[in-house]
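A.B. asks: Just one file: start.cif, with mmCIF, C-alpha atoms (C1' of nucleotides).
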data_final
loop_
_atom_site.label_atom_id
_atom_site.label_comp_id
_atom_site.auth_asym_id
_atom_site.auth_seq_id
_atom_site.Cartn_x
_atom_site.Cartn_y
_atom_site.Cartn_z
CA MET O 1 -24.83 11.81 7.24
CA LYS O 2 -22.10 9.39 8.16
CA VAL O 3 -19.73 7.16 6.27
CA LEU O 4 -19.24 4.86 9.24
CA ILE O 5 -15.65 3.82 9.02
CA GLU O 6 -16.24 2.23 12.38
CA GLY O 7 -18.09 -0.61 10.68
CA LEU O 8 -14.65 -2.00 9.93
CA SER O 9 -13.20 -4.59 12.26
CA ASP O 10 -10.05 -3.98 14.29
CA THR O 11 -9.12 -7.61 13.90
CA PHE O 12 -8.89 -7.41 10.12
CA ASP O 13 -7.10 -4.08 10.05
CA ASN O 14 -3.83 -5.91 9.98
CA ARG O 15 -2.64 -7.11 6.59
CA VAL O 16 -1.32 -10.44 7.80
CA ARG O 17 -4.66 -11.30 9.37
CA LEU O 18 -6.38 -10.06 6.24
CA GLY O 19 -4.24 -12.37 4.14
CA VAL O 20 -4.81 -15.34 6.42
CA MET O 21 -8.58 -14.92 6.42
CA SER O 22 -8.63 -14.40 2.70
CA MET O 23 -6.90 -17.69 2.18
CA LEU O 24 -9.22 -19.43 4.59
CA MET O 25 -12.28 -18.23 2.69
CA VAL O 26 -11.41 -20.38 -0.31
CA ASN O 27 -9.48 -23.19 1.33
CA ASP O 28 -10.87 -25.44 4.00
CA TRP O 29 -7.72 -26.40 5.87
CA VAL O 30 -4.52 -24.44 5.37
CA GLU O 31 -1.18 -25.43 6.88
CA PHE O 32 1.12 -23.23 8.92
CA THR O 33 3.89 -23.61 6.39
CA THR O 34 1.57 -22.73 3.52
CA PHE O 35 0.67 -19.42 5.14
CA LYS O 36 4.30 -18.87 5.84
CA THR O 37 5.48 -19.24 2.27
CA MET O 38 2.49 -17.67 0.54
CA LEU O 39 2.40 -14.60 2.75
CA ASP O 40 6.19 -14.56 3.11
CA LEU O 41 6.30 -14.32 6.89
CA THR O 42 8.58 -15.35 9.70
CA ASP O 43 7.37 -18.05 12.08
CA GLY O 44 6.96 -15.59 14.90
CA ARG O 45 5.05 -13.00 12.98
CA LEU O 46 2.68 -15.58 11.55
CA ALA O 47 2.17 -17.38 14.85
CA SER O 48 1.30 -14.19 16.69
CA HIS O 49 -1.40 -13.23 14.22
CA LEU O 50 -2.85 -16.72 14.09
CA LYS O 51 -3.06 -16.55 17.85
CA VAL O 52 -5.09 -13.36 17.68
CA LEU O 53 -7.51 -14.90 15.20
CA GLU O 54 -7.77 -17.99 17.35
CA GLY O 55 -8.40 -15.85 20.40
CA GLU O 56 -11.37 -14.29 18.63
CA ALA O 57 -12.55 -17.78 17.71
CA TYR O 58 -12.36 -16.80 14.06
CA ILE O 59 -10.19 -19.78 13.20
CA GLU O 60 -9.64 -23.23 14.63
CA VAL O 61 -6.60 -25.46 14.77
CA GLN O 62 -5.92 -29.04 13.95
CA LYS O 63 -2.70 -30.69 15.04
CA GLN O 64 -1.77 -34.04 13.58
CA PHE O 65 1.08 -36.00 12.13
CA ILE O 66 1.48 -36.40 8.41
CA GLY O 67 3.81 -39.28 7.88
CA ARG O 68 6.07 -38.77 10.85
CA LYS O 69 6.07 -35.00 10.79
CA PRO O 70 3.99 -32.70 12.91
CA ASN O 71 1.45 -30.64 11.02
CA THR O 72 -0.63 -27.70 12.11
CA SER O 73 -3.58 -26.63 10.01
CA TYR O 74 -6.19 -23.95 10.39
CA ARG O 75 -9.64 -23.27 9.13
CA ALA O 76 -12.15 -20.46 9.49
CA THR O 77 -15.02 -20.94 11.91
CA ALA O 78 -18.58 -19.90 11.04
CA LEU O 79 -18.09 -16.90 13.32
CA GLY O 80 -14.89 -16.00 11.54
CA ARG O 81 -16.52 -16.20 8.12
CA LYS O 82 -19.35 -13.98 9.24
CA ALA O 83 -17.07 -11.40 10.83
CA PHE O 84 -14.85 -11.34 7.79
CA ASN O 85 -17.74 -10.96 5.39
CA ASP O 86 -19.15 -8.14 7.49
CA HIS O 87 -15.80 -6.45 7.40
CA LEU O 88 -15.57 -6.79 3.65
CA ASP O 89 -19.07 -5.44 3.24
CA ALA O 90 -18.16 -2.37 5.26
CA LEU O 91 -15.02 -1.97 3.21
CA GLU O 92 -16.90 -2.32 -0.01
CA LYS O 93 -19.48 0.20 1.02
CA LEU O 94 -16.77 2.66 1.91
CA LEU O 95 -14.87 2.14 -1.31
CA ASN O 96 -17.90 2.28 -3.56
CA LEU O 97 -17.59 5.99 -3.06
CA ARG O 98 -14.92 6.03 -5.70
CA ASN O 99 -16.86 4.22 -8.38
CA GLN O 100 -20.21 5.87 -8.56
CA ASN O 101 -22.07 8.95 -7.49
CA GLY O 102 -24.07 7.17 -4.87
CA PRO O 103 -25.82 8.63 -1.84
CA ALA O 104 -22.47 9.20 -0.25
CA ALA O 105 -21.49 11.93 -2.70
CA VAL O 106 -21.03 15.29 -1.01
CA GLU O 107 -22.46 18.65 -2.01
CA LYS O 108 -19.95 21.06 -3.44
CA LYS O 109 -19.48 24.63 -2.35
CA GLU O 110 -18.61 27.46 -4.75
CA ASP O 111 -15.49 29.59 -4.25
CA MET G 1 3.90 -18.80 -4.83
CA LYS G 2 3.18 -15.62 -2.97
CA VAL G 3 0.08 -13.64 -2.13
CA LEU G 4 2.04 -10.42 -1.68
CA ILE G 5 0.27 -8.65 1.11
CA GLU G 6 3.13 -6.18 0.97
CA GLY G 7 1.64 -4.62 -2.14
CA LEU G 8 -0.64 -2.73 0.21
CA SER G 9 0.30 0.79 1.22
CA ASP G 10 1.12 1.72 4.80
CA THR G 11 -0.46 5.09 4.29
CA PHE G 12 -3.88 3.64 3.53
CA ASP G 13 -3.76 1.04 6.27
CA ASN G 14 -5.47 3.44 8.59
CA ARG G 15 -9.23 3.62 8.37
CA VAL G 16 -9.45 7.39 8.74
CA ARG G 17 -7.03 7.91 5.88
CA LEU G 18 -8.93 5.30 3.89
CA GLY G 19 -12.17 7.16 4.47
CA VAL G 20 -10.67 10.51 3.58
CA MET G 21 -9.20 9.26 0.32
CA SER G 22 -12.39 7.47 -0.55
CA MET G 23 -14.33 10.68 -0.23
CA LEU G 24 -11.76 12.55 -2.27
CA MET G 25 -12.06 10.10 -5.14
CA VAL G 26 -15.62 11.20 -5.88
CA ASN G 27 -15.57 14.77 -4.61
CA ASP G 28 -13.24 17.42 -5.94
CA TRP G 29 -12.93 19.69 -2.91
CA VAL G 30 -14.04 18.47 0.51
CA GLU G 31 -14.13 20.66 3.60
CA PHE G 32 -12.57 19.92 6.95
CA THR G 33 -15.94 20.01 8.65
CA THR G 34 -17.45 17.67 6.09
CA PHE G 35 -14.85 15.04 6.80
CA LYS G 36 -15.38 15.63 10.48
CA THR G 37 -19.11 14.98 10.45
CA MET G 38 -19.17 12.25 7.82
CA LEU G 39 -16.38 10.23 9.37
CA ASP G 40 -17.39 11.18 12.90
CA LEU G 41 -13.99 12.33 14.09
CA THR G 42 -12.53 14.77 16.57
CA ASP G 43 -10.67 17.77 15.20
CA GLY G 44 -7.36 16.48 16.41
CA ARG G 45 -7.71 13.02 15.02
CA LEU G 46 -8.81 14.29 11.63
CA ALA G 47 -6.14 16.99 11.46
CA SER G 48 -3.36 14.55 12.23
CA HIS G 49 -4.36 12.15 9.47
CA LEU G 50 -4.84 14.93 6.94
CA LYS G 51 -1.35 16.05 7.79
CA VAL G 52 0.04 12.62 7.01
CA LEU G 53 -1.70 12.57 3.63
CA GLU G 54 -0.47 16.07 2.92
CA GLY G 55 3.05 15.04 3.90
CA GLU G 56 2.91 12.31 1.27
CA ALA G 57 1.61 14.87 -1.23
CA TYR G 58 -1.48 12.74 -1.69
CA ILE G 59 -3.79 15.66 -0.95
CA GLU G 60 -3.56 19.43 -1.25
CA VAL G 61 -5.11 22.18 0.83
CA GLN G 62 -7.02 25.33 0.04
CA LYS G 63 -7.65 27.94 2.70
CA GLN G 64 -10.17 30.68 2.07
CA PHE G 65 -13.02 32.59 3.60
CA ILE G 66 -16.58 31.70 2.81
CA GLY G 67 -18.68 34.64 3.81
CA ARG G 68 -16.78 35.70 6.87
CA LYS G 69 -15.80 32.27 8.11
CA PRO G 70 -12.51 30.51 7.57
CA ASN G 71 -12.74 27.42 5.42
CA THR G 72 -10.24 24.66 4.77
CA SER G 73 -10.78 22.29 1.90
CA TYR G 74 -8.81 19.38 0.51
CA ARG G 75 -8.53 17.52 -2.72
CA ALA G 76 -6.58 14.55 -3.96
CA THR G 77 -3.49 15.12 -6.06
CA ALA G 78 -2.75 13.05 -9.16
CA LEU G 79 -0.10 11.24 -7.09
CA GLY G 80 -2.63 10.54 -4.38
CA ARG G 81 -5.14 9.13 -6.82
CA LYS G 82 -2.57 6.85 -8.33
CA ALA G 83 -1.31 5.61 -4.98
CA PHE G 84 -4.83 4.99 -3.76
CA ASN G 85 -5.84 3.13 -6.88
CA ASP G 86 -2.74 0.97 -6.64
CA HIS G 87 -3.60 0.18 -3.06
CA LEU G 88 -7.13 -0.76 -3.97
CA ASP G 89 -5.91 -2.97 -6.77
CA ALA G 90 -3.66 -4.83 -4.36
CA LEU G 91 -6.55 -5.15 -1.94
CA GLU G 92 -8.85 -6.41 -4.62
CA LYS G 93 -6.35 -8.99 -5.79
CA LEU G 94 -5.96 -10.23 -2.24
CA LEU G 95 -9.66 -10.41 -1.60
CA ASN G 96 -10.56 -12.05 -4.87
CA LEU G 97 -9.36 -15.19 -3.16
CA ARG G 98 -12.69 -15.43 -1.44
CA ASN G 99 -14.84 -15.15 -4.55
CA GLN G 100 -13.40 -17.55 -7.05
CA ASN G 101 -11.04 -20.44 -7.35
CA GLY G 102 -8.36 -18.43 -9.06
CA PRO G 103 -4.65 -19.18 -9.27
CA ALA G 104 -4.32 -18.32 -5.61
CA ALA G 105 -6.25 -21.38 -4.47
CA VAL G 106 -4.14 -23.77 -2.44
CA GLU G 107 -3.78 -27.50 -2.77
CA LYS G 108 -5.53 -29.46 -0.07
CA LYS G 109 -4.07 -32.24 1.98
CA GLU G 110 -6.03 -35.29 3.10
CA ASP G 111 -6.36 -36.13 6.80
"C1'" DT Q 1 -19.53 43.58 26.25
"C1'" DT Q 2 -19.42 39.37 27.84
"C1'" DG Q 3 -19.40 34.96 26.80
"C1'" DA Q 4 -20.58 30.93 24.19
"C1'" DA Q 5 -19.75 28.70 19.98
"C1'" DG Q 6 -17.34 27.84 15.48
"C1'" DT Q 7 -13.05 26.69 12.76
"C1'" DA Q 8 -8.90 24.51 12.55
"C1'" DC Q 9 -5.57 23.19 14.33
"C1'" DT Q 10 -0.98 21.56 17.86
"C1'" DT Q 11 0.82 19.35 21.82
"C1'" DT Q 12 1.19 15.88 25.21
"C1'" DG Q 13 1.19 11.53 27.13
"C1'" DA Q 14 -0.22 6.94 27.47
"C1'" DA Q 15 -1.67 2.69 25.57
"C1'" DA Q 16 -1.74 -0.52 21.96
"C1'" DC Q 17 0.43 -2.66 18.18
"C1'" DA Q 18 3.82 -4.80 15.42
"C1'" DC Q 19 8.00 -6.75 14.27
"C1'" DA Q 20 12.74 -8.74 14.23
"C1'" DA Q 21 15.64 -11.63 16.54
"C1'" DA Q 22 16.67 -15.06 19.48
"C1'" DG Q 23 15.42 -18.91 22.25
"C1'" DT Q 24 12.63 -23.33 22.95
"C1'" DT Q 25 10.66 -28.04 22.43
"C1'" DA Q 26 10.46 -32.14 20.28
"C1'" DC Q 27 11.18 -34.58 17.00
"C1'" DT Q 28 13.62 -36.72 12.26
"C1'" DT Q 29 17.04 -37.30 8.95
"C1'" DT Q 30 21.89 -37.90 7.55
"C1'" DA T 1 26.42 -36.71 16.75
"C1'" DA T 2 25.07 -32.95 14.15
"C1'" DA T 3 22.00 -30.66 11.38
"C1'" DG T 4 17.40 -29.88 9.95
"C1'" DT T 5 12.23 -29.31 10.33
"C1'" DA T 6 8.02 -27.59 12.50
"C1'" DA T 7 5.83 -24.58 15.32
"C1'" DC T 8 5.94 -21.90 18.33
"C1'" DT T 9 7.20 -18.20 22.79
"C1'" DT T 10 9.74 -14.50 24.70
"C1'" DT T 11 11.96 -10.21 24.74
"C1'" DG T 12 12.93 -5.74 23.56
"C1'" DT T 13 12.29 -1.90 20.74
"C1'" DG T 14 10.24 1.09 17.76
"C1'" DT T 15 5.94 2.87 15.71
"C1'" DT T 16 1.16 4.15 15.61
"C1'" DT T 17 -2.85 5.86 17.36
"C1'" DC T 18 -5.88 8.27 19.99
"C1'" DA T 19 -8.17 11.06 23.58
"C1'" DA T 20 -7.80 15.12 25.93
"C1'" DA T 21 -6.42 19.52 26.57
"C1'" DG T 22 -4.60 23.75 24.92
"C1'" DT T 23 -4.18 27.58 21.27
"C1'" DA T 24 -5.68 31.38 18.41
"C1'" DC T 25 -8.79 33.88 16.20
"C1'" DT T 26 -13.62 35.12 14.86
"C1'" DT T 27 -18.58 35.45 14.88
"C1'" DC T 28 -22.88 35.83 16.93
"C1'" DA T 29 -26.39 36.33 20.37
"C1'" DA T 30 -28.06 38.48 24.88
#
Can you give me the file's structure in the form of structure tokens?

C.D. replies:
Amino acid sequence: MKVLIEGLSDTFDNRVRLGVMSMLMVNDWVEFTTFKTMLDLTDGRLASHLKVLEGEAYIEVQKQFIGRKPNTSYRATALGRKAFNDHLDALEKLLNLRNQNGPAAVEKKED
Amino acid sequence: MKVLIEGLSDTFDNRVRLGVMSMLMVNDWVEFTTFKTMLDLTDGRLASHLKVLEGEAYIEVQKQFIGRKPNTSYRATALGRKAFNDHLDALEKLLNLRNQNGPAAVEKKED
DNA sequence: TTGAAGTACTTTGAAACACAAAGTTACTTT
DNA sequence: AAAGTAACTTTGTGTTTCAAAGTACTTCAA
């Protein structure tokens, strides 16, 4: 029998990307600066992870001006939502081990 | 406001270590070979991650002979259980963003 | 008794990843 | 003119991770 830790996604292994996606699951458009303050990140660190998510087509960007200031906002794509939910399902399945004696429980051996 | 992704533990970032700890939450003693087959790992990869967990004193080892064969088993220490539960709590708090409109929900801005 | 397989590692080396810090572009505000 | 805001990119360094191979000892089957 296998526990299949490989069902987890490499993309969401990282905690910044996990935080970003989490926020995008409940909020339609989220601004760069909002991520920055809520996740307490530097510009560079945030930008690099957003770029990865964009590269996977898990999020999309909107650039506009609000008043006279530039504004960059992001939202999750359908693909991104699916991938993230799949990841969370795999995670949940793995972690359910701790809560109940499900089928994943292992036979003991006597000393 | 912050989402505090830093509440997560570096030790449990890795999926192998996550799988190992998960198994040790529901099973008292788990054998090396059991981890190996259930998590589908090479000896080396498994051994290295077990060593990290042992280094943190999150798991402890028992070496014995079963019949005439050597046997290595592991179990979680009290410290390990606490650290893992704390990690999962942080994870849960982060991921609850996706399920409800809790205090973590972010104000929207109009286009 | 030879040799394959089991058990549990350690070592090595290379690739991937992540981050801080600094630099950049193009504005706007004072 | 100088400082500030927004959103990056680049660079360099350190860390992590893994596959692959090597080690050491034992059992088991032919």

A.B. asks: At most 9 Å is the cut-off: for each residue in chain G with any atom that close to an atom of chain Q, write down the nearest atom pair and the distance in Å rounded to one decimal, counting all atoms listed in the file, chain first then increasing number, as a Markdown table.

C.D. replies:
| residue | atom | partner | partner_atom | distance |
| --- | --- | --- | --- | --- |
| G:Phe32 | CA | Q:DA8 | C1' | 8.1 |
| G:Thr33 | CA | Q:DT7 | C1' | 8.4 |
| G:Asp43 | CA | Q:DA8 | C1' | 7.5 |
| G:Gly44 | CA | Q:DC9 | C1' | 7.2 |
| G:Ala47 | CA | Q:DC9 | C1' | 6.9 |
| G:Lys69 | CA | Q:DT7 | C1' | 7.8 |
| G:Pro70 | CA | Q:DT7 | C1' | 6.5 |
| G:Asn71 | CA | Q:DT7 | C1' | 7.4 |
| G:Thr72 | CA | Q:DA8 | C1' | 7.9 |

A.B. asks: Could you fit chain O onto chain G by least squares over every C-alpha atom, paired in order, and give me the moved chain as a short mmCIF file (atom, residue, chain, number, x, y, z; two decimals) with C-alpha atoms, in the frame of the given file?

C.D. replies:
data_model
loop_
_atom_site.label_atom_id
_atom_site.label_comp_id
_atom_site.auth_asym_id
_atom_site.auth_seq_id
_atom_site.Cartn_x
_atom_site.Cartn_y
_atom_site.Cartn_z
CA MET O 1 3.89 -18.66 -4.93
CA LYS O 2 3.14 -15.48 -3.05
CA VAL O 3 0.03 -13.54 -2.18
CA LEU O 4 1.96 -10.31 -1.73
CA ILE O 5 0.22 -8.58 1.09
CA GLU O 6 3.06 -6.12 0.92
CA GLY O 7 1.50 -4.58 -2.17
CA LEU O 8 -0.75 -2.74 0.25
CA SER O 9 0.18 0.76 1.30
CA ASP O 10 1.03 1.66 4.89
CA THR O 11 -0.55 5.05 4.39
CA PHE O 12 -3.99 3.62 3.65
CA ASP O 13 -3.88 1.01 6.38
CA ASN O 14 -5.57 3.43 8.68
CA ARG O 15 -9.34 3.64 8.44
CA VAL O 16 -9.55 7.40 8.82
CA ARG O 17 -7.14 7.91 5.93
CA LEU O 18 -9.03 5.29 3.97
CA GLY O 19 -12.26 7.18 4.55
CA VAL O 20 -10.73 10.53 3.63
CA MET O 21 -9.27 9.24 0.38
CA SER O 22 -12.47 7.47 -0.49
CA MET O 23 -14.37 10.69 -0.19
CA LEU O 24 -11.80 12.54 -2.23
CA MET O 25 -12.11 10.06 -5.09
CA VAL O 26 -15.65 11.19 -5.84
CA ASN O 27 -15.56 14.77 -4.62
CA ASP O 28 -13.21 17.40 -5.92
CA TRP O 29 -12.90 19.67 -2.91
CA VAL O 30 -14.02 18.49 0.51
CA GLU O 31 -14.11 20.72 3.58
CA PHE O 32 -12.56 19.98 6.95
CA THR O 33 -15.93 20.12 8.64
CA THR O 34 -17.46 17.77 6.08
CA PHE O 35 -14.86 15.11 6.83
CA LYS O 36 -15.41 15.73 10.48
CA THR O 37 -19.13 15.12 10.46
CA MET O 38 -19.23 12.38 7.84
CA LEU O 39 -16.45 10.33 9.40
CA ASP O 40 -17.49 11.33 12.92
CA LEU O 41 -14.06 12.44 14.11
CA THR O 42 -12.61 14.89 16.57
CA ASP O 43 -10.70 17.87 15.20
CA GLY O 44 -7.41 16.51 16.42
CA ARG O 45 -7.81 13.04 15.07
CA LEU O 46 -8.88 14.32 11.67
CA ALA O 47 -6.16 16.96 11.48
CA SER O 48 -3.41 14.49 12.28
CA HIS O 49 -4.43 12.12 9.51
CA LEU O 50 -4.88 14.89 6.98
CA LYS O 51 -1.38 15.98 7.85
CA VAL O 52 -0.01 12.54 7.07
CA LEU O 53 -1.75 12.50 3.70
CA GLU O 54 -0.48 15.98 2.99
CA GLY O 55 3.01 14.94 3.96
CA GLU O 56 2.88 12.19 1.35
CA ALA O 57 1.62 14.76 -1.15
CA TYR O 58 -1.50 12.66 -1.63
CA ILE O 59 -3.78 15.59 -0.92
CA GLU O 60 -3.54 19.35 -1.22
CA VAL O 61 -5.06 22.15 0.80
CA GLN O 62 -6.92 25.28 -0.03
CA LYS O 63 -7.51 27.93 2.60
CA GLN O 64 -9.98 30.69 1.91
CA PHE O 65 -12.79 32.66 3.42
CA ILE O 66 -16.38 31.84 2.65
CA GLY O 67 -18.41 34.83 3.62
CA ARG O 68 -16.42 35.93 6.63
CA LYS O 69 -15.55 32.49 7.90
CA PRO O 70 -12.33 30.63 7.38
CA ASN O 71 -12.61 27.50 5.28
CA THR O 72 -10.16 24.71 4.70
CA SER O 73 -10.72 22.30 1.85
CA TYR O 74 -8.78 19.37 0.51
CA ARG O 75 -8.50 17.49 -2.70
CA ALA O 76 -6.58 14.46 -3.91
CA THR O 77 -3.49 15.03 -6.01
CA ALA O 78 -2.73 12.93 -9.10
CA LEU O 79 -0.12 11.11 -7.02
CA GLY O 80 -2.66 10.46 -4.31
CA ARG O 81 -5.20 9.07 -6.76
CA LYS O 82 -2.62 6.76 -8.25
CA ALA O 83 -1.38 5.51 -4.89
CA PHE O 84 -4.90 4.95 -3.69
CA ASN O 85 -5.93 3.08 -6.80
CA ASP O 86 -2.84 0.90 -6.55
CA HIS O 87 -3.71 0.15 -2.98
CA LEU O 88 -7.25 -0.78 -3.89
CA ASP O 89 -6.03 -2.99 -6.69
CA ALA O 90 -3.78 -4.86 -4.29
CA LEU O 91 -6.66 -5.17 -1.87
CA GLU O 92 -8.97 -6.42 -4.55
CA LYS O 93 -6.49 -8.97 -5.74
CA LEU O 94 -6.06 -10.24 -2.22
CA LEU O 95 -9.77 -10.42 -1.54
CA ASN O 96 -10.67 -12.05 -4.83
CA LEU O 97 -9.42 -15.17 -3.15
CA ARG O 98 -12.75 -15.48 -1.44
CA ASN O 99 -14.91 -15.22 -4.52
CA GLN O 100 -13.46 -17.59 -7.02
CA ASN O 101 -11.07 -20.47 -7.36
CA GLY O 102 -8.43 -18.43 -9.07
CA PRO O 103 -4.71 -19.13 -9.34
CA ALA O 104 -4.35 -18.30 -5.70
CA ALA O 105 -6.23 -21.38 -4.54
CA VAL O 106 -4.05 -23.74 -2.53
CA GLU O 107 -3.61 -27.47 -2.94
CA LYS O 108 -5.21 -29.55 -0.24
CA LYS O 109 -3.52 -32.30 1.69
CA GLU O 110 -5.30 -35.48 2.80
CA ASP O 111 -5.45 -36.49 6.47
#

A.B. asks: Written as a PDB file with C-alpha atoms (C1' of nucleotides), in the frame of the given file, which residues does the PyMOL selection byres ((chain T) within 8 of (chain G)) give for the file shown?

C.D. replies:
ATOM      1  C1'  DC T  18      -5.880   8.270  19.990  1.00  0.00           C
ATOM      2  C1'  DT T  26     -13.620  35.120  14.860  1.00  0.00           C
ATOM      3  C1'  DT T  27     -18.580  35.450  14.880  1.00  0.00           C
TER       4       DT T  27
END

A.B. asks: For Arg81 in chain G, which of G:Lys2, G:Asp10, G:Leu53, G:Arg15 is the closest residue, counting all atoms listed in the file?

C.D. replies: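 Using all atoms listed in the file, Arg81 in chain G sits closest to G:Leu53.
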
A.B. asks: What does the structure give for the distance between CA of Leu4 in chain G and CA of Leu50 in chain O, in Å to one decimal?

C.D. replies: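 That distance, rounded to one decimal, is 17.7 Å.
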
A.B. asks: What does the distance from C1' of DG14 in chain T to CA of Glu6 in chain O come to in Å, to one decimal?

C.D. replies: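 Going from C1' of DG14 in chain T over to CA of Glu6 in chain O covers 27.0 Å.
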
A.B. asks: Could you state the separation of C1' of DT13 in chain T and CA of Leu41 in chain O in Å, given to one decimal place?

C.D. replies: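 Result for C1' of DT13 in chain T versus CA of Leu41 in chain O: 19.5 Å, one decimal.
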
A.B. asks: So, with all atoms listed in the file as the atoms that count, which of G:Asn96, G:Ser73, G:Gln62, G:Ser9 lies closest to Lys36 in chain G?

C.D. replies: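 Among G:Asn96, G:Ser73, G:Gln62, G:Ser9, it is G:Ser73 that comes nearest to Lys36 in chain G.
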
A.B. asks: Which of these, O:Thr11, O:Thr77, O:Ser48, O:Ser22, has the shortest distance to chain G once you count all atoms listed in the file?

C.D. replies: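 Smallest separation from chain G among the options: O:Ser22.
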
A.B. asks: Using all atoms listed in the file, pick whichever of O:Glu31, O:Arg17, O:Glu56, O:Met38 has the shortest atom-to-atom distance to chain G.

C.D. replies: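 Checking each of O:Glu31, O:Arg17, O:Glu56, O:Met38 against chain G, counting all atoms listed in the file, the winner is O:Met38.
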
A.B. asks: Could you check the closest approach to chain G for each of O:Tyr58, O:Phe84, O:Trp29, O:Tyr74 and tell me which residue wins, using all atoms listed in the file?

C.D. replies: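 Ranked by minimum distance to chain G, first place goes to O:Trp29.
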
A.B. asks: Counting all atoms listed in the file, select every polymer residue within 7 Å of (-9.5, 10.0, -4.0) as defined in the file's coordinates, and provide the selection as a PDB file with C-alpha atoms, in the coordinates of the input.

C.D. replies:
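That gives us selection.pdb:
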ATOM      1  CA  ARG O  98     -14.920   6.030  -5.700  1.00  0.00           C
TER       2      ARG O  98
ATOM      3  CA  MET G  21      -9.200   9.260   0.320  1.00  0.00           C
ATOM      4  CA  SER G  22     -12.390   7.470  -0.550  1.00  0.00           C
ATOM      5  CA  MET G  23     -14.330  10.680  -0.230  1.00  0.00           C
ATOM      6  CA  LEU G  24     -11.760  12.550  -2.270  1.00  0.00           C
ATOM      7  CA  MET G  25     -12.060  10.100  -5.140  1.00  0.00           C
ATOM      8  CA  VAL G  26     -15.620  11.200  -5.880  1.00  0.00           C
ATOM      9  CA  ALA G  76      -6.580  14.550  -3.960  1.00  0.00           C
ATOM     10  CA  GLY G  80      -2.630  10.540  -4.380  1.00  0.00           C
ATOM     11  CA  ARG G  81      -5.140   9.130  -6.820  1.00  0.00           C
ATOM     12  CA  PHE G  84      -4.830   4.990  -3.760  1.00  0.00           C
TER      13      PHE G  84
END

A.B. asks: Using only C-alpha atoms, which residue out of G:Leu39, G:Ala57, G:Val20, G:Leu88 lies closest to chain O?

C.D. replies: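 For chain O, the nearest of the candidates is G:Leu39.
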
A.B. asks: Give me, as number ranges by chain, all polymer residues having an atom no more than 8 Å from Leu94 in chain G, counting all atoms listed in the file and skipping those fewer than 4 positions away in the same chain.

C.D. replies: O: 19, 22; G: 3, 5, 90

A.B. asks: Kindly provide, as lines of an AutoDock Vina configuration file, the centre and edge lengths (Å, one decimal) of an axis-aligned box around all atoms of range 15-19 of chain Q given in the file, with 5 Å on each side.

C.D. replies:
center_x = 3.1
center_y = -2.0
center_z = 19.9
size_x = 19.7
size_y = 19.4
size_z = 21.3

A.B. asks: Missing atoms in range 46-55 of chain G need filling: write out N, CA, C and O atoms for it as a PDB file, in the frame of the given file.

C.D. replies:
ATOM      1  N   LEU G  46      -8.713  13.999  13.057  1.00  0.00           N
ATOM      2  CA  LEU G  46      -8.810  14.290  11.630  1.00  0.00           C
ATOM      3  C   LEU G  46      -7.604  15.072  11.146  1.00  0.00           C
ATOM      4  O   LEU G  46      -6.959  14.714  10.150  1.00  0.00           O
ATOM      5  N   ALA G  47      -7.261  16.134  11.877  1.00  0.00           N
ATOM      6  CA  ALA G  47      -6.140  16.990  11.460  1.00  0.00           C
ATOM      7  C   ALA G  47      -4.854  16.193  11.323  1.00  0.00           C
ATOM      8  O   ALA G  47      -4.089  16.389  10.376  1.00  0.00           O
ATOM      9  N   SER G  48      -4.613  15.289  12.264  1.00  0.00           N
ATOM     10  CA  SER G  48      -3.360  14.550  12.230  1.00  0.00           C
ATOM     11  C   SER G  48      -3.269  13.642  10.998  1.00  0.00           C
ATOM     12  O   SER G  48      -2.214  13.523  10.380  1.00  0.00           O
ATOM     13  N   HIS G  49      -4.394  13.042  10.636  1.00  0.00           N
ATOM     14  CA  HIS G  49      -4.360  12.150   9.470  1.00  0.00           C
ATOM     15  C   HIS G  49      -4.290  12.933   8.161  1.00  0.00           C
ATOM     16  O   HIS G  49      -3.636  12.509   7.213  1.00  0.00           O
ATOM     17  N   LEU G  50      -4.944  14.078   8.128  1.00  0.00           N
ATOM     18  CA  LEU G  50      -4.840  14.930   6.940  1.00  0.00           C
ATOM     19  C   LEU G  50      -3.391  15.378   6.741  1.00  0.00           C
ATOM     20  O   LEU G  50      -2.902  15.446   5.622  1.00  0.00           O
ATOM     21  N   LYS G  51      -2.744  15.623   7.858  1.00  0.00           N
ATOM     22  CA  LYS G  51      -1.350  16.050   7.790  1.00  0.00           C
ATOM     23  C   LYS G  51      -0.456  14.958   7.202  1.00  0.00           C
ATOM     24  O   LYS G  51       0.473  15.248   6.440  1.00  0.00           O
ATOM     25  N   VAL G  52      -0.726  13.735   7.570  1.00  0.00           N
ATOM     26  CA  VAL G  52       0.040  12.620   7.010  1.00  0.00           C
ATOM     27  C   VAL G  52      -0.156  12.555   5.493  1.00  0.00           C
ATOM     28  O   VAL G  52       0.804  12.459   4.720  1.00  0.00           O
ATOM     29  N   LEU G  53      -1.404  12.640   5.063  1.00  0.00           N
ATOM     30  CA  LEU G  53      -1.700  12.570   3.630  1.00  0.00           C
ATOM     31  C   LEU G  53      -1.081  13.754   2.882  1.00  0.00           C
ATOM     32  O   LEU G  53      -0.606  13.606   1.754  1.00  0.00           O
ATOM     33  N   GLU G  54      -1.085  14.900   3.537  1.00  0.00           N
ATOM     34  CA  GLU G  54      -0.470  16.070   2.920  1.00  0.00           C
ATOM     35  C   GLU G  54       1.043  15.892   2.846  1.00  0.00           C
ATOM     36  O   GLU G  54       1.667  16.259   1.856  1.00  0.00           O
ATOM     37  N   GLY G  55       1.608  15.305   3.876  1.00  0.00           N
ATOM     38  CA  GLY G  55       3.050  15.040   3.900  1.00  0.00           C
ATOM     39  C   GLY G  55       3.491  14.135   2.764  1.00  0.00           C
ATOM     40  O   GLY G  55       4.592  14.267   2.231  1.00  0.00           O
TER      41      GLY G  55
END
